[in-house]
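Below is work_6.txt, holding compact mmCIF, C-alpha atoms and all ligand atoms.
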```txt
# COMPACT_ATOMS: atom_id res chain seq x y z
CA MET K 491 85.38 99.97 69.09
CA THR K 492 85.77 96.28 69.55
CA GLU K 493 84.57 94.66 72.75
CA PRO K 494 85.58 91.21 73.99
CA ALA K 495 83.42 88.36 72.70
CA ARG K 496 80.74 87.36 75.18
CA PRO K 497 81.07 83.65 76.09
CA PRO K 498 78.23 81.20 75.35
CA GLU K 499 77.10 81.32 79.02
CA GLU K 500 76.48 85.05 78.69
CA LEU K 501 74.88 84.82 75.24
CA GLY K 502 72.60 82.07 76.58
CA ALA K 503 71.56 84.18 79.57
CA LEU K 504 70.79 87.10 77.24
CA ALA K 505 68.76 84.84 74.95
CA GLN K 506 66.86 83.44 77.93
CA ARG K 507 66.01 86.98 79.09
CA LEU K 508 64.56 87.90 75.68
CA LEU K 509 62.59 84.63 75.57
CA ASP K 510 61.24 85.19 79.10
CA ASP K 511 60.06 88.68 78.12
CA LEU K 512 58.43 87.44 74.93
CA ALA K 513 56.66 84.63 76.84
CA LEU K 514 54.85 87.26 78.93
CA VAL K 515 53.06 88.40 75.77
CA THR K 516 50.08 86.07 75.60
CA ASP K 517 46.41 85.86 74.69
CA GLU K 518 45.74 83.76 77.80
CA PRO K 519 47.00 85.04 81.14
CA GLY K 520 48.93 82.37 83.03
CA ARG K 521 50.05 80.47 79.96
CA VAL K 522 51.81 81.15 76.67
CA THR K 523 49.37 81.30 73.75
CA ARG K 524 49.99 83.60 70.80
CA ALA K 525 47.73 82.98 67.83
CA TYR K 526 48.29 84.53 64.41
CA LEU K 527 46.84 88.07 64.12
CA SER K 528 45.66 88.04 67.75
CA PRO K 529 46.11 90.97 70.17
CA ALA K 530 49.13 89.17 71.68
CA HIS K 531 50.63 88.72 68.22
CA GLY K 532 50.31 92.50 67.77
CA ARG K 533 52.04 93.18 71.10
CA SER K 534 54.80 90.66 70.32
CA ILE K 535 55.48 92.53 67.07
CA GLU K 536 55.87 95.76 69.07
CA LEU K 537 58.25 94.09 71.52
CA VAL K 538 60.41 92.28 68.95
CA GLY K 539 60.27 95.28 66.60
CA GLY K 540 61.66 97.36 69.49
CA TRP K 541 64.52 94.88 69.97
CA MET K 542 65.32 95.19 66.27
CA ARG K 543 65.22 98.99 66.19
CA GLU K 544 67.37 99.30 69.34
CA ARG K 545 70.03 97.39 67.44
CA GLY K 546 69.87 99.54 64.34
CA LEU K 547 67.60 97.36 62.20
CA ASP K 548 64.88 98.91 60.10
CA ALA K 549 61.74 96.97 61.17
CA ARG K 550 58.49 96.82 59.22
CA LEU K 551 55.48 94.58 58.75
CA ASP K 552 54.73 92.91 55.40
CA ALA K 553 51.28 92.12 53.95
CA VAL K 554 50.88 88.88 55.96
CA ALA K 555 52.16 90.43 59.23
CA THR K 556 55.67 89.02 59.11
CA LEU K 557 57.93 91.36 61.07
CA ARG K 558 61.01 92.03 58.96
CA GLY K 559 64.08 93.73 60.43
CA ARG K 560 66.70 94.70 57.90
CA ARG K 561 70.17 96.18 57.99
CA ALA K 562 72.32 97.09 55.04
CA ALA K 563 75.73 95.59 54.30
CA ASP K 564 78.55 97.44 56.04
CA ALA K 565 81.38 96.07 53.88
CA PRO K 566 81.75 95.78 50.10
CA GLY K 567 80.13 92.62 48.69
CA ARG K 568 77.88 91.31 45.95
CA GLY K 569 74.71 93.15 46.97
CA ARG K 570 73.08 90.05 48.43
CA THR K 571 70.94 89.49 51.55
CA LEU K 572 71.22 86.81 54.23
CA LEU K 573 67.85 85.84 55.73
CA LEU K 574 67.59 84.70 59.37
CA GLY K 575 64.65 83.94 61.63
CA SER K 576 61.75 81.72 62.66
CA HIS K 577 58.22 82.22 64.02
CA ILE K 578 56.70 84.11 66.95
CA ASP K 579 53.26 82.47 66.94
CA THR K 580 52.76 79.57 69.35
CA VAL K 581 50.48 76.61 69.94
CA VAL K 582 47.91 76.82 72.76
CA ASP K 583 49.65 76.54 76.18
CA ALA K 584 53.09 76.56 74.60
CA GLY K 585 56.64 76.70 75.88
CA LYS K 586 58.95 79.70 75.51
CA LEU K 587 61.38 78.41 72.91
CA ASP K 588 59.62 76.97 69.85
CA GLY K 589 60.16 79.50 67.05
CA CYS K 590 60.98 82.43 69.34
CA LEU K 591 64.52 81.13 69.85
CA GLY K 592 65.30 81.54 66.14
CA VAL K 593 64.20 85.19 66.20
CA ALA K 594 65.90 86.11 69.50
CA ALA K 595 69.12 84.30 68.49
CA ALA K 596 69.27 86.13 65.16
CA ILE K 597 68.91 89.51 66.88
CA LEU K 598 71.59 88.64 69.46
CA ALA K 599 73.93 87.27 66.81
CA LEU K 600 73.87 90.56 64.90
CA GLU K 601 74.36 92.56 68.09
CA GLU K 602 77.36 90.44 69.03
CA ILE K 603 78.86 90.63 65.53
CA ASP K 604 78.73 94.44 65.85
CA ARG K 605 80.30 94.35 69.32
CA ARG K 606 83.17 92.28 67.98
CA GLY K 607 83.76 94.94 65.33
CA GLU K 608 83.05 92.56 62.43
CA ARG K 609 81.67 93.96 59.17
CA LEU K 610 79.30 92.02 56.91
CA PRO K 611 79.45 92.20 53.09
CA PHE K 612 75.75 91.39 52.78
CA ALA K 613 72.51 92.87 54.04
CA VAL K 614 70.78 90.87 56.76
CA GLU K 615 67.03 90.53 57.16
CA ILE K 616 65.52 88.91 60.25
CA LEU K 617 62.08 87.43 59.64
CA ALA K 618 59.68 86.90 62.55
CA PHE K 619 56.89 84.87 60.96
CA GLY K 620 53.37 85.03 62.43
CA ASP K 621 51.76 81.88 61.06
CA GLU K 622 53.94 78.81 61.29
CA GLU K 623 51.82 76.62 63.56
CA GLY K 624 48.51 77.00 61.70
CA VAL K 625 46.66 77.01 65.02
CA ARG K 626 44.09 79.77 64.42
CA PHE K 627 43.61 79.08 60.70
CA PRO K 628 44.38 75.79 58.92
CA SER K 629 47.18 77.52 57.00
CA PRO K 630 50.49 76.35 58.51
CA LEU K 631 53.64 77.97 57.06
CA SER K 632 51.52 80.62 55.31
CA SER K 633 53.88 83.45 56.39
CA SER K 634 57.03 81.81 55.05
CA SER K 635 55.10 80.74 51.94
CA ALA K 636 54.34 84.42 51.26
CA ALA K 637 58.07 85.23 51.54
CA THR K 638 58.78 82.67 48.82
CA GLY K 639 55.93 83.76 46.54
CA THR K 640 54.03 80.49 47.08
CA TYR K 641 51.14 81.83 49.15
CA ARG K 642 47.90 79.98 48.44
CA ARG K 643 45.03 82.35 47.69
CA ASP K 644 42.50 79.81 48.99
CA TRP K 645 43.94 80.37 52.50
CA LEU K 646 42.27 83.81 52.51
CA VAL K 647 38.78 82.31 52.74
CA VAL K 648 39.47 79.78 55.52
CA LYS K 649 37.84 80.72 58.81
CA ASP K 650 38.89 80.58 62.43
CA ARG K 651 36.71 79.03 65.14
CA ASP K 652 34.68 82.23 65.44
CA GLY K 653 33.91 82.22 61.72
CA VAL K 654 36.32 85.07 60.89
CA PRO K 655 37.91 84.56 57.45
CA LEU K 656 41.69 84.97 57.28
CA GLU K 657 41.31 87.84 54.80
CA ARG K 658 39.19 89.84 57.26
CA ALA K 659 41.58 89.09 60.13
CA LEU K 660 44.49 90.41 58.05
CA ARG K 661 42.64 93.65 57.29
CA ALA K 662 41.67 94.11 60.93
CA PHE K 663 45.37 93.74 61.77
CA GLY K 664 46.25 96.54 59.35
CA CYS K 665 47.55 94.32 56.53
CA ASP K 666 46.51 94.58 52.89
CA PRO K 667 45.84 91.11 51.38
CA ALA K 668 45.99 92.68 47.90
CA LYS K 669 49.72 93.20 48.49
CA ILE K 670 50.65 89.62 49.44
CA ASP K 671 52.59 89.21 46.20
CA GLU K 672 54.83 92.10 47.31
CA ALA K 673 55.83 90.09 50.40
CA ALA K 674 57.74 87.68 48.14
CA ILE K 675 61.52 88.09 48.33
CA ASP K 676 63.44 87.88 45.04
CA PRO K 677 65.58 84.72 45.27
CA ALA K 678 68.20 86.21 42.94
CA GLY K 679 69.47 88.50 45.70
CA VAL K 680 69.33 85.99 48.56
CA LEU K 681 72.39 84.19 49.92
CA GLY K 682 70.32 81.83 52.02
CA PHE K 683 68.02 81.36 55.01
CA LEU K 684 69.29 80.15 58.40
CA GLU K 685 66.97 79.02 61.22
CA LEU K 686 68.02 78.12 64.75
CA HIS K 687 65.33 76.01 66.45
CA ILE K 688 64.95 73.66 69.38
CA GLU K 689 65.01 70.00 68.37
CA GLN K 690 61.59 69.18 69.94
CA GLY K 691 62.75 65.56 70.11
CA PRO K 692 65.07 63.48 72.32
CA ARG K 693 67.98 62.57 70.07
CA LEU K 694 70.57 65.25 70.84
CA GLU K 695 69.99 64.65 74.54
CA HIS K 696 70.46 60.92 73.95
CA TRP K 697 73.75 61.60 72.15
CA GLY K 698 74.88 64.08 74.82
CA LEU K 699 75.27 66.89 72.29
CA PRO K 700 73.99 70.47 72.57
CA LEU K 701 73.71 71.11 68.81
CA GLY K 702 72.83 69.16 65.66
CA VAL K 703 72.80 70.02 61.96
CA VAL K 704 69.51 69.30 60.18
CA THR K 705 69.79 67.28 56.96
CA SER K 706 66.18 67.36 55.81
CA ILE K 707 62.67 68.06 56.99
CA ALA K 708 60.64 64.87 56.91
CA GLY K 709 57.88 64.51 54.36
CA GLN K 710 54.54 63.58 55.79
CA THR K 711 51.32 61.95 54.74
CA ARG K 712 48.18 62.42 56.80
CA MET K 713 45.14 60.31 56.04
CA GLY K 714 41.75 59.47 57.37
CA MET K 715 40.76 55.77 57.66
CA THR K 716 37.15 54.63 57.95
CA VAL K 717 36.46 51.04 58.98
CA VAL K 718 32.87 49.84 58.61
CA GLY K 719 31.39 46.68 60.10
CA MET K 720 27.97 46.05 61.63
CA ALA K 721 26.66 47.61 64.83
CA GLY K 722 24.80 45.27 67.14
CA HIS K 723 23.66 44.54 70.70
CA ALA K 724 26.63 43.85 72.97
CA GLY K 725 24.55 41.25 74.84
CA THR K 726 22.96 39.29 72.02
CA VAL K 727 25.34 39.15 69.04
CA PRO K 728 27.62 36.09 69.55
CA MET K 729 31.35 36.65 69.13
CA GLU K 730 31.66 34.54 65.99
CA LEU K 731 28.95 36.54 64.19
CA ARG K 732 30.36 39.98 64.97
CA ARG K 733 31.82 42.43 62.50
CA ASP K 734 33.39 44.72 65.11
CA ALA K 735 34.90 47.78 63.42
CA PHE K 736 36.93 48.76 66.50
CA ALA K 737 38.46 45.30 67.00
CA GLY K 738 39.47 45.48 63.34
CA LEU K 739 41.07 48.89 63.81
CA ALA K 740 42.89 47.65 66.91
CA GLU K 741 44.54 44.91 64.84
CA ILE K 742 45.34 47.45 62.13
CA ALA K 743 46.86 49.78 64.76
CA LEU K 744 49.31 47.08 65.90
CA THR K 745 50.22 46.46 62.27
CA VAL K 746 50.85 50.18 61.76
CA GLU K 747 53.12 50.15 64.81
CA ARG K 748 55.02 47.09 63.54
CA ILE K 749 55.52 48.59 60.07
CA GLY K 750 56.67 51.85 61.69
CA ARG K 751 59.27 50.00 63.76
CA GLN K 752 60.58 48.05 60.78
CA GLY K 753 60.96 51.11 58.53
CA ALA K 754 64.18 52.85 57.56
CA ASN K 755 65.18 56.53 57.51
CA ASP K 756 63.48 57.52 60.75
CA LEU K 757 60.08 56.27 59.67
CA VAL K 758 57.31 56.99 62.17
CA ALA K 759 53.66 55.98 61.87
CA THR K 760 50.93 57.14 64.23
CA ILE K 761 47.20 56.69 64.75
CA GLY K 762 46.47 59.69 66.96
CA ARG K 763 42.72 60.10 66.79
CA VAL K 764 39.99 57.46 66.86
CA ALA K 765 36.21 57.93 66.88
CA VAL K 766 34.25 54.78 67.71
CA LEU K 767 30.65 54.82 66.46
CA PRO K 768 27.91 54.70 67.47
CA GLY K 769 29.97 55.03 70.67
CA ALA K 770 27.83 53.31 73.28
CA GLY K 771 29.18 50.91 75.90
CA ASN K 772 26.51 48.30 75.16
CA THR K 773 26.83 48.38 71.37
CA VAL K 774 29.25 46.51 69.09
CA PRO K 775 31.07 49.29 67.16
CA GLY K 776 29.76 49.48 63.58
CA ARG K 777 32.07 52.19 62.35
CA VAL K 778 35.45 53.63 63.30
CA GLU K 779 37.04 56.79 61.94
CA ALA K 780 40.77 57.14 62.59
CA SER K 781 43.71 59.31 61.58
CA LEU K 782 46.99 58.03 60.17
CA ASP K 783 50.19 60.12 60.15
CA VAL K 784 53.29 58.69 58.43
CA ARG K 785 56.64 60.51 58.14
CA ALA K 786 60.18 59.65 57.12
CA GLY K 787 63.42 61.42 56.25
CA VAL K 788 63.32 59.86 52.76
CA ASP K 789 60.18 59.84 50.60
CA ALA K 790 60.62 56.26 49.39
CA SER K 791 60.55 54.92 52.96
CA ARG K 792 57.31 56.77 53.66
CA LEU K 793 55.65 55.65 50.43
CA VAL K 794 56.67 52.00 50.84
CA ALA K 795 55.32 52.04 54.41
CA LEU K 796 52.03 53.57 53.25
CA ASP K 797 51.65 50.85 50.62
CA ARG K 798 52.29 48.14 53.18
CA ILE K 799 49.89 49.67 55.70
CA ARG K 800 47.15 49.88 53.08
CA HIS K 801 47.70 46.34 51.90
CA GLU K 802 47.80 44.84 55.41
CA ALA K 803 44.81 46.90 56.59
CA GLU K 804 42.72 45.73 53.63
CA ARG K 805 43.70 42.12 54.32
CA ILE K 806 42.76 42.42 58.01
CA ALA K 807 39.45 44.09 57.13
CA ALA K 808 38.55 41.43 54.56
CA ARG K 809 39.29 38.59 56.99
CA ARG K 810 36.97 40.20 59.55
CA GLY K 811 34.14 41.02 57.12
CA LEU K 812 34.83 44.76 57.34
CA THR K 813 35.39 47.41 54.69
CA ILE K 814 38.08 50.05 54.92
CA ALA K 815 38.43 53.34 53.02
CA PHE K 816 41.34 55.79 53.02
CA GLU K 817 41.23 59.53 52.38
CA ARG K 818 44.44 61.50 51.87
CA HIS K 819 44.48 64.94 53.53
CA VAL K 820 48.12 65.99 53.40
CA ASP K 821 50.98 64.72 51.28
CA VAL K 822 54.19 66.72 51.57
CA PRO K 823 57.52 65.47 50.20
CA THR K 824 60.74 65.52 52.20
CA VAL K 825 62.69 68.76 51.83
CA ALA K 826 66.49 68.54 51.85
CA MET K 827 68.44 71.32 53.52
CA ASP K 828 71.11 73.08 51.45
CA GLY K 829 74.42 71.16 51.49
CA ASN K 830 76.73 74.21 51.60
CA LEU K 831 74.83 75.85 54.44
CA GLN K 832 74.70 72.53 56.34
CA ASN K 833 78.48 72.37 56.01
CA ALA K 834 78.82 75.97 57.23
CA PHE K 835 76.77 75.08 60.33
CA ALA K 836 78.83 71.90 60.77
CA ALA K 837 82.12 73.84 60.61
CA ALA K 838 80.83 76.32 63.20
CA VAL K 839 79.76 73.48 65.54
CA ALA K 840 83.15 71.77 65.11
CA SER K 841 84.95 75.07 65.85
CA LEU K 842 83.22 75.09 69.25
CA GLY K 843 84.95 71.78 70.01
CA LEU K 844 81.71 69.83 69.69
CA ASP K 845 81.05 66.60 67.81
CA VAL K 846 79.08 67.23 64.63
CA ARG K 847 75.96 65.11 64.31
CA ARG K 848 73.44 65.45 61.52
CA LEU K 849 69.79 64.51 61.87
CA PRO K 850 66.52 64.91 59.99
CA SER K 851 63.66 66.95 61.45
CA GLY K 852 60.43 65.04 62.04
CA ALA K 853 58.50 68.29 62.59
CA GLY K 854 57.70 70.86 59.92
CA HIS K 855 59.40 74.29 60.08
CA ASP K 856 59.51 77.61 58.25
CA ALA K 857 62.71 76.41 56.56
CA MET K 858 60.54 73.81 54.80
CA ALA K 859 58.67 76.58 52.94
CA MET K 860 61.74 78.83 52.60
CA ALA K 861 63.65 76.01 50.86
CA ARG K 862 61.24 76.33 47.92
CA ALA K 863 62.95 79.60 46.95
CA PHE K 864 66.23 79.97 48.88
CA PRO K 865 69.14 77.77 49.98
CA SER K 866 67.99 76.99 53.53
CA ALA K 867 69.42 75.26 56.58
CA MET K 868 68.58 74.64 60.23
CA LEU K 869 70.58 74.13 63.38
CA PHE K 870 68.92 72.30 66.28
CA VAL K 871 69.48 72.99 69.98
CA ARG K 872 69.04 70.12 72.43
CA SER K 873 65.59 69.92 74.08
CA LYS K 874 65.18 68.60 77.62
CA ALA K 875 63.51 65.17 77.36
CA GLY K 876 62.42 66.06 73.83
CA ILE K 877 59.41 67.91 75.24
CA SER K 878 57.78 70.59 73.07
CA HIS K 879 54.36 72.14 72.42
CA ASN K 880 54.12 72.06 76.19
CA PRO K 881 54.93 74.59 78.97
CA LEU K 882 57.64 72.18 80.16
CA GLU K 883 59.61 72.82 76.97
CA TRP K 884 63.15 73.73 78.14
CA SER K 885 66.73 73.93 76.95
CA ASP K 886 69.78 74.65 79.07
CA PRO K 887 70.66 78.36 78.62
CA LEU K 888 74.25 77.27 77.94
CA ASP K 889 72.97 75.25 74.97
CA LEU K 890 71.04 78.32 73.78
CA GLY K 891 74.27 80.33 74.01
CA LEU K 892 76.19 77.69 72.05
CA GLY K 893 73.46 77.91 69.42
CA VAL K 894 73.84 81.70 69.21
CA GLU K 895 77.65 81.41 69.02
CA ALA K 896 77.37 78.79 66.25
CA MET K 897 75.04 81.14 64.38
CA ILE K 898 77.56 84.01 64.79
CA ARG K 899 80.43 81.87 63.47
CA THR K 900 78.32 80.63 60.56
CA ILE K 901 77.43 84.20 59.55
CA LEU K 902 81.10 85.26 59.79
CA ASP K 903 82.15 82.22 57.74
CA LEU K 904 79.61 83.15 55.04
CA ALA K 905 80.88 86.75 55.21
CA ALA K 906 84.46 85.62 54.60
CA ARG K 907 83.35 83.62 51.56
CA GLU K 908 81.22 86.48 50.22
CA ARG K 909 84.25 88.75 50.33
CA ALA K 910 86.55 86.26 48.61
CA PRO K 911 87.06 86.91 44.87
ZN ZN K 1001 58.59 75.99 65.57
```

In structure tokens, write the structure found in this file.
Amino acid sequence: MTEPARPPEELGALAQRLLDDLALVTDEPGRVTRAYLSPAHGRSIELVGGWMRERGLDARLDAVATLRGRRAADAPGRGRTLLLGSHIDTVVDAGKLDGCLGVAAAILALEEIDRRGERLPFAVEILAFGDEEGVRFPSPLSSSSAATGTYRRDWLVVKDRDGVPLERALRAFGCDPAKIDEAAIDPAGVLGFLELHIEQGPRLEHWGLPLGVVTSIAGQTRMGMTVVGMAGHAGTVPMELRRDAFAGLAEIALTVERIGRQGANDLVATIGRVAVLPGAGNTVPGRVEASLDVRAGVDASRLVALDRIRHEAERIAARRGLTIAFERHVDVPTVAMDGNLQNAFAAAVASLGLDVRRLPSGAGHDAMAMARAFPSAMLFVRSKAGISHNPLEWSDPLDLGLGVEAMIRTILDLAARERAP
């Protein structure tokens, strides 16, 4: 029995209802906070698992607590599986959309495909990852890493703020860390991974477009910088004899900003944390510890900027009688999204009568880990004012519905190609 297609307005309202319900599941009453392996994470698995089962998916939990809802192919094909999804963990005091949209949209897309009487020549598995944000443990993307067989064993010994190791938290949640290898999905049988996500930035809004196709996920380098000068009495050390570590960092910060502005390929450079030591109002700062975060859509742009920042910072430090040391914490290359799947998303967006714009993602996503093993692609939905990781995070429900409809059309397009000889 075929039913008329629900328009984007209706799909958006349905998505919003699911997201509102999921947002009520929280570790902190009054705000949305769902940490990995927390009681709220457990309740969210029950809720989302229920949504999956109501729609005929077989839902189970893998060894790292990823909720996986699967349905078999209902038309002849090549025996492959299409993966869909995103994450259901959140940052502290989060919005309703980050991650959860990709899970809710996947569930709605399958429901709507059934209503329209369409048959799919591949199995579909919806993945609701539990550890994308890395908020409770410093292990971001660990869930999607497990799905690709690239889980890092050293994550199991990292501890949360209460001193609980990840391995113990997994066991307490009912998961068996000895079976993490079994959570890996064999790439040979996978058609690809599709993730719908809010943009979390202002560009689509600036362009006046509800949807955008992601080209790549920006590589990032995160470093620590330590500038050392000489502490002294703020009343007695004359200006010309000072070696003020903070004044030096301030000059370096403006240089970082200038290099960031001059860079190509969406280069961004940020000093987000500064500790001034000894940290007294009547003492010339002798030491400053600062963070540096540099990202770009192309690795070469990031690496050239890092070289320039280092060179300029050393020159500024030397001129001021300071020393500067750098320590690299994170260095992740840019990950390109699959060209064919990008084109499938682009065709779906165009079929909705919308301009197709492509853009890189400055934030990390599950698709970044999934791309290690499977052809992967992302579609962004416009965010109001680019706000995310904040309770004010919001997208127009109509945009959410357009995102779901684009996902439906992309899946049907892939189905048509899978059937073709
Ligand atoms: Zn996210």

**Asked** Can you list, as a ChimeraX atom specification, every protein, DNA or RNA residue that comes within 7 Å of Val784 of chain K when you count all atoms listed in the file, leaving out same-chain residues fewer than 2 positions away?
**Response** /K:710-712,758-760,782,792

**Asked** Counting only C-alpha atoms, which residues come within 9 Å of (75.9, 74.0, 59.1), with the point read in the file's coordinates, and could you list them as a list in words?
**Response**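 Within the cut-off we find Gly702, Val703, Val704, Gly829, Asn830, Leu831, Gln832, Asn833, Ala834, Phe835, Ala836, Ala837, Ala838, Val839, Ala867, Met868, Leu869, Ala896, Met897 and Thr900 of chain K.
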
**Request:** Grab the atom CA of Glu685 of chain K to atom CA of Leu574 of chain K distance for me, in Å with one decimal place.
**Result:**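 Between atom CA of Glu685 of chain K and atom CA of Leu574 of chain K the gap is 6.0 Å.
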
**Item:** Residue nearest Asp734 of chain K - candidates K:Ile806, K:Leu904, K:Ala584, K:Ile799, atoms counted: only C-alpha atoms
**Value:**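 Comparing K:Ile806, K:Leu904, K:Ala584, K:Ile799 against Asp734 of chain K, the winner is K:Ile806.
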
**Prompt:** Which chains and residue numbers are within 8 Å of ligand ZN 1001 (chain K), counting all atoms listed in the file, if I want them as a list in words?
**Reply:** Ser576, His577, Thr580, Asp588, Gly589, Cys590, Glu622, Glu623, His687, Ile688, Gly854, His855 and Asp856 of chain K

**Prompt:** Between K:Pro494, K:Pro775, K:Gly653, K:Gly714, which one has atoms that come closest to Arg606 of chain K, using all atoms listed in the file?
**Reply:**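 Of K:Pro494, K:Pro775, K:Gly653, K:Gly714, the one nearest Arg606 of chain K is K:Pro494, counting all atoms listed in the file.
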
**Request:** Provide the atom CA of Ala906 of chain K to atom CA of Gly679 of chain K distance in Å, to one decimal place.
**Result:**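 We find that atom CA of Ala906 of chain K and atom CA of Gly679 of chain K lie 17.7 Å from each other.
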
**Request:** Would you please work out which residue, of K:Gly639, K:Pro497, K:Gly811, K:Gly852, is nearest to Ala737 of chain K when using all atoms listed in the file?
**Result:**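 Smallest separation from Ala737 of chain K among the options: K:Gly811.
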
**Request:** Would you please work out which residue, of K:Arg570, K:Arg862, K:His879, K:Arg651, is nearest to Asp828 of chain K when using all atoms listed in the file?
**Result:**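 Residue with the minimum atom-to-atom distance to Asp828 of chain K: K:Arg862.
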
**Prompt:** Between K:Ala795, K:Ala596, K:Val554, K:Ala724, which has the minimum distance to Gly620 of chain K (counting only C-alpha atoms)?
**Reply:**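 Checking each of K:Ala795, K:Ala596, K:Val554, K:Ala724 against Gly620 of chain K, counting only C-alpha atoms, the winner is K:Val554.
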
**K:Val820, K:Arg810, K:Trp645, K:Ala637 ranked by distance to Glu730 of chain K, top pick (using all atoms listed in the file)** =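 When distances to Glu730 of chain K are compared using all atoms listed in the file, the smallest one comes from K:Arg810.
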
**Item:** All residues 12 Å or closer to Arg661 of chain K, all atoms listed in the file, same chain fewer than 3 positions away omitted, as a list in words
**Value:**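 The contact residues come out as Leu527, Ala553, Val554, Ala555, Leu646, Val654, Pro655, Leu656, Glu657, Arg658, Gly664, Cys665, Asp666, Pro667, Ala668, Lys669 and Ile670 of chain K.
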
Preceding selection exported with C-alpha atoms as a compact mmCIF listing (two decimals), in the frame of the given file:
```txt
# COMPACT_ATOMS: atom_id res chain seq x y z
CA LEU K 527 46.84 88.07 64.12
CA ALA K 553 51.28 92.12 53.95
CA VAL K 554 50.88 88.88 55.96
CA ALA K 555 52.16 90.43 59.23
CA LEU K 646 42.27 83.81 52.51
CA VAL K 654 36.32 85.07 60.89
CA PRO K 655 37.91 84.56 57.45
CA LEU K 656 41.69 84.97 57.28
CA GLU K 657 41.31 87.84 54.80
CA ARG K 658 39.19 89.84 57.26
CA GLY K 664 46.25 96.54 59.35
CA CYS K 665 47.55 94.32 56.53
CA ASP K 666 46.51 94.58 52.89
CA PRO K 667 45.84 91.11 51.38
CA ALA K 668 45.99 92.68 47.90
CA LYS K 669 49.72 93.20 48.49
CA ILE K 670 50.65 89.62 49.44
```

**Request:** Excluding Pro768 of chain K and any residue of its chain fewer than 2 positions from it, enumerate the residues within 12 Å of it, using all atoms listed in the file, and give them as an MDAnalysis selection string.
**Result:** chainID K and resid 718:723 734:736 765:766 770:779

**Prompt:** Expressed in Å to a single decimal, how great is the separation between atom CA of Glu493 of chain K and atom CA of Arg605 of chain K?
**Reply:** 5.5 Å

Non-local contacts of Val788 of chain K (8 Å; only C-alpha atoms; under 5 positions in same chain excluded) as a short mmCIF file (atom, residue, chain, number, x, y, z; two decimals) with C-alpha atoms, keeping the file's coordinate frame:
```
data_model
loop_
_atom_site.label_atom_id
_atom_site.label_comp_id
_atom_site.auth_asym_id
_atom_site.auth_seq_id
_atom_site.Cartn_x
_atom_site.Cartn_y
_atom_site.Cartn_z
CA ALA K 708 60.64 64.87 56.91
CA GLY K 709 57.88 64.51 54.36
CA ASN K 755 65.18 56.53 57.51
CA THR K 824 60.74 65.52 52.20
#
```

**Request:** Write out as JSON, numbers by chain each polymer residue whose atoms come within 12 Å of Asn880 of chain K, counting only C-alpha atoms; drop sequence neighbours fewer than 6 positions from it.
**Result:** {"K": [521, 522, 523, 580, 581, 582, 583, 584, 585, 586, 587, 588, 690, 873, 874]}
